[in-house]
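Colleague: Here you go, this is run_34.txt (compact mmCIF, C-alpha atoms).
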# COMPACT_ATOMS: atom_id res chain seq x y z
CA MET E 1 -48.29 46.97 57.27
CA ASN E 2 -50.55 46.53 54.25
CA ILE E 3 -51.36 50.00 52.93
CA VAL E 4 -54.11 50.48 50.33
CA LEU E 5 -54.84 53.66 48.39
CA LEU E 6 -58.46 53.54 47.22
CA GLU E 7 -58.36 56.41 44.72
CA SER E 8 -55.90 58.63 42.89
CA LEU E 9 -54.36 61.49 44.83
CA GLY E 10 -54.12 63.55 41.64
CA ILE E 11 -50.33 63.62 41.59
CA PRO E 12 -47.86 62.34 38.96
CA ASP E 13 -46.87 58.69 39.22
CA SER E 14 -43.27 59.75 39.73
CA LEU E 15 -44.22 61.68 42.87
CA LEU E 16 -46.34 58.81 44.19
CA LYS E 17 -43.38 56.44 43.71
CA ARG E 18 -41.15 58.88 45.61
CA TYR E 19 -43.51 58.72 48.59
CA THR E 20 -44.07 54.96 48.49
CA ALA E 21 -40.47 53.85 47.95
CA PRO E 22 -39.50 54.31 51.63
CA LEU E 23 -42.55 52.28 52.65
CA ALA E 24 -41.42 49.35 50.54
CA ALA E 25 -37.88 49.71 51.87
CA ALA E 26 -39.26 49.45 55.41
CA GLY E 27 -41.11 46.23 54.55
CA HIS E 28 -44.60 47.60 54.09
CA THR E 29 -46.77 46.75 51.08
CA PHE E 30 -48.59 49.40 49.06
CA ALA E 31 -51.39 48.94 46.52
CA ALA E 32 -53.33 51.62 44.63
CA TYR E 33 -56.73 51.28 42.96
CA PRO E 34 -58.93 53.53 40.80
CA ARG E 35 -61.89 55.19 42.46
CA THR E 36 -65.12 53.22 42.79
CA THR E 37 -68.36 53.55 44.70
CA ASP E 38 -69.19 49.83 44.46
CA PRO E 39 -69.14 48.54 48.07
CA ASP E 40 -68.40 44.97 47.02
CA ARG E 41 -65.40 46.06 44.99
CA LEU E 42 -64.19 48.30 47.80
CA ILE E 43 -64.41 45.43 50.25
CA GLU E 44 -62.41 43.22 47.90
CA GLU E 45 -59.70 45.89 47.55
CA ALA E 46 -59.59 46.89 51.23
CA ARG E 47 -60.28 43.60 53.03
CA ASP E 48 -56.70 42.88 54.11
CA ALA E 49 -55.60 46.49 54.66
CA ASP E 50 -54.03 47.76 57.87
CA VAL E 51 -54.18 51.29 56.47
CA LEU E 52 -56.64 52.83 54.00
CA MET E 53 -55.86 56.05 52.15
CA LEU E 54 -58.49 57.98 50.21
CA ALA E 55 -59.51 61.52 49.25
CA ASN E 56 -63.21 62.45 49.00
CA MET E 57 -64.57 59.08 47.88
CA PRO E 58 -67.39 57.83 50.14
CA LEU E 59 -66.21 55.13 52.55
CA PRO E 60 -69.29 53.40 53.98
CA GLY E 61 -69.48 51.57 57.25
CA GLN E 62 -69.98 48.19 55.61
CA VAL E 63 -66.55 48.49 54.01
CA ILE E 64 -64.86 49.58 57.23
CA ARG E 65 -66.50 46.76 59.21
CA ALA E 66 -65.36 44.23 56.61
CA CYS E 67 -61.70 45.14 57.15
CA GLU E 68 -60.69 43.03 60.14
CA HIS E 69 -57.09 44.26 60.17
CA LEU E 70 -57.84 47.95 59.64
CA LYS E 71 -56.12 50.27 62.10
CA PHE E 72 -55.81 53.67 60.38
CA ILE E 73 -57.74 55.68 57.76
CA ASP E 74 -55.63 58.45 56.22
CA VAL E 75 -57.95 60.95 54.50
CA ALA E 76 -56.47 63.23 51.83
CA PHE E 77 -59.21 65.79 52.35
CA THR E 78 -60.20 68.41 54.91
CA GLY E 79 -63.76 67.26 55.54
CA VAL E 80 -64.38 63.69 56.66
CA ASP E 81 -68.18 63.54 56.44
CA HIS E 82 -67.81 61.05 53.56
CA VAL E 83 -66.23 58.53 55.94
CA ASP E 84 -68.47 56.57 58.32
CA LEU E 85 -66.85 57.75 61.54
CA ASP E 86 -69.29 55.79 63.69
CA ALA E 87 -68.07 52.58 62.08
CA ALA E 88 -64.44 53.65 62.48
CA ARG E 89 -65.05 54.45 66.14
CA GLU E 90 -66.83 51.13 66.65
CA MET E 91 -63.88 49.25 65.12
CA GLY E 92 -61.27 51.27 67.03
CA VAL E 93 -59.80 52.69 63.82
CA ALA E 94 -57.81 55.93 63.97
CA VAL E 95 -58.64 58.63 61.40
CA SER E 96 -56.56 61.61 60.27
CA ASN E 97 -57.32 64.26 57.66
CA ALA E 98 -55.27 66.64 55.51
CA SER E 99 -56.52 69.93 56.88
CA GLY E 100 -54.81 72.95 55.38
CA TYR E 101 -53.80 71.59 52.00
CA SER E 102 -56.31 73.63 49.98
CA ASN E 103 -56.68 76.85 51.94
CA ASP E 104 -55.40 79.03 49.12
CA SER E 105 -57.08 77.03 46.35
CA VAL E 106 -60.56 77.25 47.88
CA ALA E 107 -60.15 80.87 48.93
CA GLU E 108 -59.01 81.94 45.47
CA LEU E 109 -61.89 80.21 43.69
CA THR E 110 -64.31 81.83 46.14
CA VAL E 111 -63.05 85.30 45.23
CA CYS E 112 -62.99 84.31 41.55
CA MET E 113 -66.68 83.41 41.70
CA ALA E 114 -67.55 86.68 43.44
CA LEU E 115 -65.73 88.71 40.78
CA ALA E 116 -67.24 86.70 37.94
CA LEU E 117 -70.76 87.25 39.28
CA LEU E 118 -70.26 90.95 39.96
CA ARG E 119 -68.85 91.54 36.47
CA ASN E 120 -71.36 89.26 34.69
CA LEU E 121 -68.44 87.30 33.31
CA PRO E 122 -70.32 84.28 31.89
CA GLN E 123 -72.85 86.54 30.16
CA VAL E 124 -70.40 89.05 28.69
CA GLU E 125 -68.11 86.25 27.48
CA GLU E 126 -71.04 84.68 25.64
CA ARG E 127 -72.06 88.08 24.23
CA CYS E 128 -68.57 88.68 22.86
CA ARG E 129 -68.42 85.24 21.21
CA THR E 130 -71.80 85.77 19.56
CA GLY E 131 -71.16 89.26 18.22
CA GLY E 132 -72.93 91.12 21.02
CA THR E 133 -72.02 94.03 23.26
CA LYS E 134 -72.09 94.85 26.98
CA ASP E 135 -75.53 96.50 26.74
CA GLY E 136 -77.47 95.77 29.91
CA LEU E 137 -74.52 93.95 31.49
CA VAL E 138 -72.57 96.72 33.23
CA GLY E 139 -71.17 95.13 36.38
CA HIS E 140 -70.22 96.13 39.91
CA GLU E 141 -66.96 96.55 41.81
CA LEU E 142 -65.95 94.31 44.69
CA ARG E 143 -64.43 97.21 46.59
CA GLY E 144 -66.74 98.55 49.28
CA LYS E 145 -68.92 95.44 49.50
CA THR E 146 -69.77 93.77 52.79
CA VAL E 147 -68.76 90.12 52.76
CA GLY E 148 -70.36 87.81 55.31
CA LEU E 149 -68.64 84.57 56.21
CA VAL E 150 -70.11 81.48 57.80
CA GLY E 151 -67.03 79.66 59.06
CA THR E 152 -63.68 81.31 59.77
CA GLY E 153 -61.36 78.37 60.16
CA ALA E 154 -58.22 78.23 58.06
CA ILE E 155 -60.06 78.59 54.73
CA GLY E 156 -62.56 81.19 55.92
CA SER E 157 -59.76 83.23 57.45
CA ARG E 158 -57.84 83.18 54.16
CA VAL E 159 -61.02 84.25 52.33
CA ALA E 160 -61.32 87.15 54.77
CA GLN E 161 -57.76 88.25 53.98
CA LEU E 162 -58.36 88.20 50.23
CA PHE E 163 -61.65 90.09 50.37
CA ALA E 164 -60.15 92.63 52.76
CA ALA E 165 -57.32 93.20 50.28
CA PHE E 166 -59.97 94.18 47.70
CA GLY E 167 -61.32 96.80 50.10
CA CYS E 168 -64.29 94.85 51.45
CA ARG E 169 -65.76 95.00 54.93
CA VAL E 170 -65.71 91.46 56.35
CA ILE E 171 -68.22 90.22 58.91
CA ALA E 172 -68.80 86.66 60.14
CA SER E 173 -71.24 84.60 62.10
CA GLY E 174 -69.89 84.01 65.56
CA ASP E 175 -72.20 81.02 65.95
CA HIS E 176 -70.42 78.84 63.39
CA SER E 177 -66.83 80.09 63.48
CA HIS E 178 -63.49 79.70 65.06
CA LYS E 179 -62.31 83.20 65.90
CA PRO E 180 -58.75 83.78 64.72
CA ASN E 181 -56.72 86.57 66.21
CA THR E 182 -57.36 89.13 63.49
CA ASP E 183 -58.85 92.58 63.25
CA LEU E 184 -60.08 91.92 59.71
CA ILE E 185 -63.33 90.29 60.84
CA THR E 186 -66.25 91.66 62.83
CA TYR E 187 -68.32 88.91 64.46
CA LEU E 188 -72.10 89.23 64.57
CA PRO E 189 -75.10 86.93 65.07
CA LEU E 190 -75.97 84.97 61.93
CA THR E 191 -79.19 86.94 61.49
CA GLU E 192 -77.19 90.17 61.25
CA VAL E 193 -74.67 88.65 58.86
CA LEU E 194 -77.51 87.53 56.59
CA ALA E 195 -79.13 90.98 56.69
CA GLN E 196 -75.94 92.98 56.06
CA ALA E 197 -73.90 90.91 53.61
CA ASP E 198 -73.72 91.86 49.95
CA ILE E 199 -71.88 88.56 49.48
CA LEU E 200 -72.46 85.56 51.77
CA SER E 201 -69.68 82.99 51.59
CA LEU E 202 -69.87 79.58 53.28
CA HIS E 203 -66.80 77.86 54.75
CA CYS E 204 -68.20 75.79 57.62
CA PRO E 205 -68.00 72.02 58.09
CA LEU E 206 -71.03 69.82 57.60
CA ASN E 207 -72.46 68.66 60.91
CA ASP E 208 -75.79 68.53 62.70
CA SER E 209 -75.77 72.29 63.36
CA THR E 210 -74.95 73.31 59.77
CA ARG E 211 -76.95 70.82 57.71
CA GLY E 212 -79.66 72.88 55.99
CA LEU E 213 -78.40 76.03 57.73
CA ILE E 214 -79.02 78.18 54.65
CA GLY E 215 -82.61 77.21 53.93
CA ALA E 216 -85.69 79.16 52.96
CA GLU E 217 -85.84 81.06 56.25
CA ALA E 218 -82.18 82.12 56.18
CA ILE E 219 -82.36 83.06 52.50
CA ALA E 220 -85.42 85.21 53.19
CA ARG E 221 -83.32 87.15 55.72
CA MET E 222 -80.59 87.88 53.18
CA LYS E 223 -80.15 91.30 51.68
CA PRO E 224 -82.13 91.67 48.42
CA GLY E 225 -79.80 91.16 45.47
CA ALA E 226 -77.07 89.54 47.58
CA LEU E 227 -74.74 86.87 46.21
CA LEU E 228 -74.35 83.45 47.81
CA LEU E 229 -71.11 81.46 47.47
CA ASN E 230 -70.81 77.86 48.62
CA ALA E 231 -67.41 76.18 48.63
CA ALA E 232 -68.10 74.35 51.90
CA ARG E 233 -70.46 71.37 51.71
CA GLY E 234 -73.56 71.01 49.55
CA PRO E 235 -76.05 70.03 52.27
CA VAL E 236 -75.35 73.25 54.19
CA VAL E 237 -77.66 74.87 51.61
CA ASP E 238 -81.20 73.94 50.61
CA SER E 239 -80.72 73.86 46.83
CA ALA E 240 -84.44 74.14 46.05
CA ALA E 241 -84.84 77.20 48.28
CA LEU E 242 -81.75 78.80 46.75
CA ALA E 243 -82.98 78.09 43.22
CA ALA E 244 -86.34 79.66 43.99
CA ALA E 245 -84.73 82.81 45.38
CA LEU E 246 -82.49 83.13 42.32
CA ASN E 247 -85.23 82.60 39.78
CA GLU E 248 -87.55 85.02 41.58
CA GLY E 249 -84.81 87.68 41.61
CA ARG E 250 -84.63 87.92 45.40
CA LEU E 251 -80.92 87.05 45.25
CA GLY E 252 -78.56 88.52 42.70
CA GLY E 253 -76.58 85.39 41.94
CA ALA E 254 -74.79 82.34 43.30
CA GLY E 255 -71.50 80.54 42.90
CA VAL E 256 -71.79 76.88 43.88
CA ASP E 257 -68.97 74.33 43.91
CA VAL E 258 -70.56 71.67 46.14
CA PHE E 259 -73.85 69.82 46.04
CA GLU E 260 -75.82 67.15 47.91
CA THR E 261 -73.95 64.50 45.90
CA GLU E 262 -70.67 64.52 44.06
CA PRO E 263 -70.90 65.49 40.36
CA PRO E 264 -71.92 64.47 37.77
CA LEU E 265 -75.23 66.04 38.73
CA PRO E 266 -78.62 64.87 37.49
CA ALA E 267 -79.90 66.95 34.59
CA ASP E 268 -82.85 68.16 36.65
CA HIS E 269 -80.81 69.51 39.56
CA PRO E 270 -82.43 72.87 40.40
CA LEU E 271 -79.16 74.85 40.41
CA LEU E 272 -78.44 73.88 36.82
CA HIS E 273 -81.47 75.89 35.72
CA THR E 274 -81.21 79.12 37.72
CA LEU E 275 -80.50 82.71 36.78
CA ASN E 276 -77.04 84.22 37.23
CA THR E 277 -75.54 81.09 38.72
CA ILE E 278 -72.02 79.75 38.31
CA VAL E 279 -71.73 76.04 39.04
CA THR E 280 -68.47 74.09 39.17
CA PRO E 281 -68.07 70.32 39.75
CA HIS E 282 -66.35 70.42 43.15
CA VAL E 283 -63.07 71.89 41.92
CA ALA E 284 -62.28 74.51 44.56
CA PHE E 285 -59.64 72.33 46.19
CA ALA E 286 -58.17 71.06 42.92
CA THR E 287 -54.98 72.77 41.86
CA ALA E 288 -51.62 71.22 41.03
CA GLU E 289 -50.15 72.95 44.06
CA SER E 290 -52.83 71.73 46.48
CA MET E 291 -52.66 68.15 45.18
CA GLU E 292 -48.93 68.03 45.88
CA LYS E 293 -49.42 69.60 49.30
CA ARG E 294 -52.10 67.11 50.35
CA ALA E 295 -49.97 64.17 49.22
CA GLU E 296 -47.16 65.51 51.35
CA ILE E 297 -49.53 65.85 54.32
CA VAL E 298 -51.12 62.38 54.07
CA PHE E 299 -47.83 60.55 53.65
CA HIS E 300 -46.36 62.51 56.55
CA SER E 301 -49.43 61.55 58.61
CA LEU E 302 -48.85 57.93 57.62
CA ASP E 303 -45.16 58.08 58.56
CA CYS E 304 -46.00 59.59 61.93
CA TRP E 305 -48.68 56.97 62.61
CA LEU E 306 -46.29 54.16 61.69
CA GLU E 307 -43.82 55.65 64.17
CA GLY E 308 -46.45 55.57 66.89
CA HIS E 309 -47.77 59.13 67.09
CA GLN E 310 -50.84 60.35 65.23
CA ILE E 311 -51.11 63.86 63.77
CA ASN E 312 -54.03 65.64 62.08
CA LYS E 313 -56.22 63.54 64.35
CA VAL E 314 -59.97 63.20 63.72
CA LEU E 315 -60.42 59.98 65.73
Just dump the structure as structure tokens.

Modeller:
Amino acid sequence: MNIVLLESLGIPDSLLKRYTAPLAAAGHTFAAYPRTTDPDRLIEEARDADVLMLANMPLPGQVIRACEHLKFIDVAFTGVDHVDLDAAREMGVAVSNASGYSNDSVAELTVCMALALLRNLPQVEERCRTGGTKDGLVGHELRGKTVGLVGTGAIGSRVAQLFAAFGCRVIASGDHSHKPNTDLITYLPLTEVLAQADILSLHCPLNDSTRGLIGAEAIARMKPGALLLNAARGPVVDSAALAAALNEGRLGGAGVDVFETEPPLPADHPLLHTLNTIVTPHVAFATAESMEKRAEIVFHSLDCWLEGHQINKVL
């Protein structure tokens, strides 16, 4: 098989060689390329591939359709909305993901953002560096807050565990959640979650039912002064509506790791100019530990597929 990696997996070269050496020994070929969004270049790199491996780089249908030998797309990411699944389905191409690799990484950054917002961390850090004091920036404790989750899959469930350990009450929308066997979470309609949550944290996939889910109407239902955290997918939230609510003081703050497009963001993006907002360039999943775990998952998925049984199946 001709196996092509279309972007870095974020692991040391020595570890990549450890995973690819058995492939070469079995007679397969392996090529790796730097990330690109140029469709023509992608087609040139992928044209003869039997297997494509990638992380969160967009893989458009025109590239998939140009790969006449393509049989398997191995995605080193949890979400697969950046891959044209309709084209893959049309071409009879199997798709697997790497679900589970970043559960702890995403959950920990989510709690980090909540704590940073509650304690005014960006503001007090700037004050200290510029000779100021805490005046007017006394924060709040996480303990005792009600945390509302939208999405309680593996990541959302881990977020629930961490917030519960801080002494929070955890509620979740039953409309957009798997329901793990846990007594940590109380399930309510989304309208009630919006109304009760001091902190609303998003961990749902992007699909037709969640695109634009947190728009002007949903934000208007949120508790005054509440915090919104998004480490799910950017289009779940209407950025303009969120920015308006933040700048008008209806919400107390936001922590946003994902946007409508991958960073770098345009300078006029509304969430770059809002009050009490922490923005990060899609880093929730990115830790040394998670990068090694996802490499292990995707190469195991590849090995299983080569042996004739697909795991982590999307298509």

Colleague: Using 12 Å as the limit and counting all atoms listed in the file, can you tabulate each residue of region 13-100 of chain E that touches region 288-291 of chain E, with its shortest atom-to-atom distance in Å and the two atoms involved, as JSON lines?

Modeller:
{"residue": "E:Leu15", "atom": "CA", "partner": "E:Met291", "partner_atom": "CA", "distance": 10.9}
{"residue": "E:Leu16", "atom": "CA", "partner": "E:Met291", "partner_atom": "CA", "distance": 11.3}
{"residue": "E:Ala55", "atom": "CA", "partner": "E:Met291", "partner_atom": "CA", "distance": 10.4}
{"residue": "E:Ala76", "atom": "CA", "partner": "E:Met291", "partner_atom": "CA", "distance": 9.1}
{"residue": "E:Phe77", "atom": "CA", "partner": "E:Met291", "partner_atom": "CA", "distance": 10.0}
{"residue": "E:Thr78", "atom": "CA", "partner": "E:Ser290", "partner_atom": "CA", "distance": 11.7}
{"residue": "E:Ala98", "atom": "CA", "partner": "E:Ser290", "partner_atom": "CA", "distance": 10.6}
{"residue": "E:Ser99", "atom": "CA", "partner": "E:Ser290", "partner_atom": "CA", "distance": 11.2}
{"residue": "E:Gly100", "atom": "CA", "partner": "E:Ser290", "partner_atom": "CA", "distance": 9.2}

Colleague: Could you tell me how far CA of Gly151 (chain E) lies from CA of Ala232 (chain E), in Å and to one decimal?

Modeller: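 Interatomic distance, CA of Gly151 (chain E) to CA of Ala232 (chain E): 9.0 Å.
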
Colleague: Within 8 Å of Val150 (chain E), counting only C-alpha atoms, which residues show up once you throw out same-chain ones fewer than 5 positions away? Write them as an MDAnalysis selection string, please.

Modeller: chainID E and resid 156 172:173 176:177 190 200:204

Colleague: Find the residues near Ala220 (chain E): any atom within 9 Å, counting all atoms listed in the file, skip ones fewer than 4 places away on the same chain, and give them as a CSV table (one decimal) with C-alpha atoms, in the coordinates of the input.

Modeller:
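Now in result.csv:
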chain,number,residue,atom,x,y,z
E,194,LEU,CA,-77.5,87.5,56.6
E,215,GLY,CA,-82.6,77.2,53.9
E,216,ALA,CA,-85.7,79.2,53.0
E,224,PRO,CA,-82.1,91.7,48.4
E,245,ALA,CA,-84.7,82.8,45.4
E,250,ARG,CA,-84.6,87.9,45.4

Colleague: Rounded to one decimal in Å, what is the spacing between CA of Cys67 (chain E) and CA of Asn97 (chain E)?

Modeller: 19.6 Å

Colleague: Padding 6 Å on each side, edges along x, y and z: where is the centre of the box around the listed atoms of region 173-188 of chain E, and how long are its edges in Å to one decimal? Output it as AutoDock Vina command-line options.

Modeller:
--center_x -64.5 --center_y 85.7 --center_z 63.0 --size_x 27.5 --size_y 25.7 --size_z 18.5

Colleague: Which of these residues is nearest to Thr29 (chain E), using all atoms listed in the file: E:Asn2, E:Thr191, E:Thr182, E:Gln161?

Modeller: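 Residue with the minimum atom-to-atom distance to Thr29 (chain E): E:Asn2.
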
Colleague: Need the shell around region 135-139 of chain E: protein/DNA/RNA residues with any atom at most 8 Å away, counting all atoms listed in the file. Skip same-chain ones fewer than 6 positions apart. Format as a list in words?

Modeller: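 My reading of the contact set: Leu118, Arg119, Asn120, Gln123 and Val124 of chain E.
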
Colleague: Figure out the distance between CA of Val256 (chain E) and CA of Asn230 (chain E), please, to one decimal in Å.

Modeller: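 These two atoms are separated by 4.9 Å.
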
Colleague: Go through E:Ala87, E:Val159, E:Leu54, E:Ile219 and flag the residue nearest Gly10 (chain E), using all atoms listed in the file for the distances.

Modeller: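 Closest to Gly10 (chain E), using all atoms listed in the file: E:Leu54.
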
Colleague: Using only C-alpha atoms, which residues sit within 10 Å of region 69-71 of chain E once same-chain residues fewer than 4 positions away are excluded, as a PyMOL selection string?

Modeller: chain E and resi 1-3+46-52+64-65+88+91-95

Colleague: Taking all atoms listed in the file into account, which of E:Leu184, E:Val314, E:Ala107, E:Ile199 comes nearest Leu142 (chain E)?

Modeller: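 Going through E:Leu184, E:Val314, E:Ala107, E:Ile199 one by one, the smallest distance to Leu142 (chain E) is for E:Ile199.
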
Colleague: Rebuild region 72-104 of chain E so that it carries N, CA and C atoms, then output the result as a CSV table (one decimal), in the frame of the given file.

Modeller:
chain,number,residue,atom,x,y,z
E,72,PHE,N,-56.0,52.2,60.6
E,72,PHE,CA,-55.8,53.7,60.4
E,72,PHE,C,-56.4,54.0,59.0
E,73,ILE,N,-57.2,55.1,59.0
E,73,ILE,CA,-57.7,55.7,57.8
E,73,ILE,C,-57.1,57.0,57.6
E,74,ASP,N,-56.4,57.2,56.5
E,74,ASP,CA,-55.6,58.4,56.2
E,74,ASP,C,-56.4,59.2,55.1
E,75,VAL,N,-57.0,60.3,55.4
E,75,VAL,CA,-58.0,61.0,54.5
E,75,VAL,C,-57.2,62.2,53.9
E,76,ALA,N,-57.1,62.1,52.6
E,76,ALA,CA,-56.5,63.2,51.8
E,76,ALA,C,-57.5,64.3,51.5
E,77,PHE,N,-58.1,64.8,52.5
E,77,PHE,CA,-59.2,65.8,52.4
E,77,PHE,C,-59.4,66.5,53.7
E,78,THR,N,-60.0,67.7,53.7
E,78,THR,CA,-60.2,68.4,54.9
E,78,THR,C,-61.4,67.9,55.6
E,79,GLY,N,-62.6,67.8,54.9
E,79,GLY,CA,-63.8,67.3,55.5
E,79,GLY,C,-63.7,65.7,55.6
E,80,VAL,N,-64.4,65.1,56.5
E,80,VAL,CA,-64.4,63.7,56.7
E,80,VAL,C,-65.8,63.2,56.8
E,81,ASP,N,-66.8,64.0,56.3
E,81,ASP,CA,-68.2,63.5,56.4
E,81,ASP,C,-68.5,62.4,55.4
E,82,HIS,N,-67.6,62.1,54.5
E,82,HIS,CA,-67.8,61.0,53.6
E,82,HIS,C,-67.3,59.7,54.1
E,83,VAL,N,-66.7,59.7,55.3
E,83,VAL,CA,-66.2,58.5,55.9
E,83,VAL,C,-67.2,58.2,57.1
E,84,ASP,N,-67.6,57.0,57.2
E,84,ASP,CA,-68.5,56.6,58.3
E,84,ASP,C,-67.7,56.5,59.6
E,85,LEU,N,-67.6,57.7,60.3
E,85,LEU,CA,-66.8,57.8,61.5
E,85,LEU,C,-67.4,56.9,62.7
E,86,ASP,N,-68.7,56.7,62.7
E,86,ASP,CA,-69.3,55.8,63.7
E,86,ASP,C,-68.7,54.4,63.5
E,87,ALA,N,-68.6,53.9,62.3
E,87,ALA,CA,-68.1,52.6,62.1
E,87,ALA,C,-66.6,52.5,62.5
E,88,ALA,N,-65.9,53.6,62.1
E,88,ALA,CA,-64.4,53.6,62.5
E,88,ALA,C,-64.3,53.6,64.0
E,89,ARG,N,-65.1,54.4,64.7
E,89,ARG,CA,-65.0,54.4,66.1
E,89,ARG,C,-65.4,53.1,66.7
E,90,GLU,N,-66.4,52.5,66.2
E,90,GLU,CA,-66.8,51.1,66.6
E,90,GLU,C,-65.7,50.1,66.5
E,91,MET,N,-65.0,50.2,65.4
E,91,MET,CA,-63.9,49.2,65.1
E,91,MET,C,-62.5,49.6,65.7
E,92,GLY,N,-62.5,50.8,66.4
E,92,GLY,CA,-61.3,51.3,67.0
E,92,GLY,C,-60.2,51.7,66.0
E,93,VAL,N,-60.7,52.3,64.9
E,93,VAL,CA,-59.8,52.7,63.8
E,93,VAL,C,-59.5,54.2,64.0
E,94,ALA,N,-58.2,54.5,63.9
E,94,ALA,CA,-57.8,55.9,64.0
E,94,ALA,C,-58.1,56.6,62.6
E,95,VAL,N,-58.4,57.9,62.6
E,95,VAL,CA,-58.6,58.6,61.4
E,95,VAL,C,-57.9,60.0,61.5
E,96,SER,N,-57.2,60.3,60.4
E,96,SER,CA,-56.6,61.6,60.3
E,96,SER,C,-57.0,62.2,59.0
E,97,ASN,N,-57.0,63.6,58.9
E,97,ASN,CA,-57.3,64.3,57.7
E,97,ASN,C,-56.1,65.1,57.2
E,98,ALA,N,-56.3,65.8,56.1
E,98,ALA,CA,-55.3,66.6,55.5
E,98,ALA,C,-55.6,68.1,55.6
E,99,SER,N,-56.1,68.5,56.7
E,99,SER,CA,-56.5,69.9,56.9
E,99,SER,C,-55.4,70.9,56.5
E,100,GLY,N,-55.8,71.9,55.7
E,100,GLY,CA,-54.8,73.0,55.4
E,100,GLY,C,-54.2,72.9,54.0
E,101,TYR,N,-54.5,71.7,53.3
E,101,TYR,CA,-53.8,71.6,52.0
E,101,TYR,C,-54.4,72.5,50.9
E,102,SER,N,-55.7,72.9,51.1
E,102,SER,CA,-56.3,73.6,50.0
E,102,SER,C,-56.8,75.0,50.4
E,103,ASN,N,-56.2,75.5,51.5
E,103,ASN,CA,-56.7,76.8,51.9
E,103,ASN,C,-56.7,77.9,50.8
E,104,ASP,N,-55.5,78.0,50.2
E,104,ASP,CA,-55.4,79.0,49.1
E,104,ASP,C,-56.3,78.7,47.9
